[in-house]
Amino acid sequence: MTYIDLHTHITWNVDDGIETKEDSLKALEMAKKDGIDSLALTPHFIPGRFKQDDYDEITEVMQECVDLAKTVGVQAYMGSELFLNEDYLDMVDQHLFHSINQTKYLLVEYDVRKDMNQNDSEEDKLYELIIRGYIPVIAHVERYFHSKMDISRVKEWIEMGCVIQVNRTSLLGLNGKKVKENAIQLIENNLAHVLSTDTHRIEGNRICRMSDAYEFLKENYGKKNADLLCFGNANHILNSEDVEKSEVVVQKSLFSRLFKRR
Ligand SMILES: [Fe+2]
């Protein structure tokens, strides 16, 4: 099986991800061995802190990382994870970011420390990107809802035109029970489009591996849905095509089996 990973912090020494070129190489080798043939480099781009010089510097390292990936047979693409803070539109209007493989798809993240249940005006930020012609790929949506997974809110984001990304670690329960519960609810409601690693390290939980999450998806939701989440939709994004909705049919909900058992 071949996978595509659209969310990684593998570019060395540019954010809180991998720190050295040696470790980047190890992460890329790990990815290749696991079946990840293509991936996007998505360093954190923090609006307000970045100037043109920072952008140029990071882009140079990213290009080196693309070249390094080639040496182990991995195709890496440029990208960024744009933090949706108060200054994000300045950064967008100054073009100090990379969309995924220069498509209209742009990986964005909200502050995971804030509970989305308490913030009801965050949609404006997505809207501003959409009217500028971008398609927001919202990173690790399962991590924003601290008290209750708001399914209708996520449906609204999709109706606006956004794409929903879920992290491997969340699905596998490595970020706690609540986050896993949220990830499963997104998948069982056919609201998740893409599963990614959000790789930050070469050991521990946040590593560049998709096979375990793929097997979990295949076992619980069937091969077709697992393929779509771990390859198909990411491939559509890299090629500027529309994403597809998954077709999970829940007979015995994993969510109720795992979280509602008495
Ligand atoms: Fe990330």
# chains A, B, ... in the order shown; residues from 1 in each chain; ligands from 1
$ closest_atom_pairs --of "chain A" --to "ligand 1" --cutoff "8 Å" --atoms "only C-alpha atoms and all ligand atoms" --output "tab-separated table"
residue	atom	partner	partner_atom_place_in_ligand_line	distance
A:His7	CA	ligand 1	1 (Fe)	6.2
A:Thr8	CA	ligand 1	1 (Fe)	6.4
A:His9	CA	ligand 1	1 (Fe)	6.5
A:Thr42	CA	ligand 1	1 (Fe)	7.0
A:Pro43	CA	ligand 1	1 (Fe)	7.2
A:His44	CA	ligand 1	1 (Fe)	6.7
A:Glu81	CA	ligand 1	1 (Fe)	6.3
A:Glu109	CA	ligand 1	1 (Fe)	7.7
A:Ala139	CA	ligand 1	1 (Fe)	7.1
A:Asp198	CA	ligand 1	1 (Fe)	4.8
A:Thr199	CA	ligand 1	1 (Fe)	7.4
A:His200	CA	ligand 1	1 (Fe)	7.9
$ residues_around --residues "range 181-196 of chain A" --least-positions-apart "6" --cutoff "6 Å" --atoms "only C-alpha atoms" --output "NGL selection string"
:A and (5-7 or 142 or 149 or 164-168 or 171 or 229-230 or 246)
$ residues_around --residues "Asn235 in chain A" --least-positions-apart "6" --cutoff "12 Å" --atoms "only C-alpha atoms" --output "NGL selection string"
:A and (2-6 or 37-40 or 77 or 100-101 or 103 or 105 or 193-195 or 227-229 or 241-244)
$ atom_distance --atom1 "CA of Leu217 in chain A" --atom2 "CA of Ile36 in chain A"
16.3 Å
$ closest_atom_pairs --of "range 110-203 of chain A" --to "range 89-96 of chain A" --cutoff "12 Å" --atoms "only C-alpha atoms" --output "CSV"
residue,atom,partner,partner_atom,distance
A:Asp124,CA,A:Leu89,CA,11.2
A:Lys125,CA,A:Leu89,CA,8.4
A:Leu126,CA,A:Leu89,CA,10.5
A:Tyr127,CA,A:Leu89,CA,11.3
A:Glu128,CA,A:Leu89,CA,7.9
A:Leu129,CA,A:Leu89,CA,8.1
A:Ile130,CA,A:Val92,CA,11.7
A:Ile131,CA,A:Leu89,CA,11.8
A:Arg132,CA,A:Asp93,CA,9.0
A:Gly133,CA,A:Val92,CA,11.3
A:Tyr134,CA,A:Val92,CA,10.1
$ select_by_dssp --residues "range 63-247 of chain A" --states "alpha helix (DSSP H)" --output "number ranges by chain"
A: 63-71, 88-93, 123-131, 151-160, 168-171, 177-188, 211-221, 223-227, 233-238
$ closest_residue --among "A:Asn220, A:Ser240, A:Asn225, A:Ser152" --to "Phe255 in chain A" --atoms "only C-alpha atoms"
A:Asn220
$ atom_distance --atom1 "CA of Lys155 in chain A" --atom2 "CA of His140 in chain A"
15.1 Å
$ atom_distance --atom1 "CA of Leu82 in chain A" --atom2 "CA of Met30 in chain A"
25.7 Å
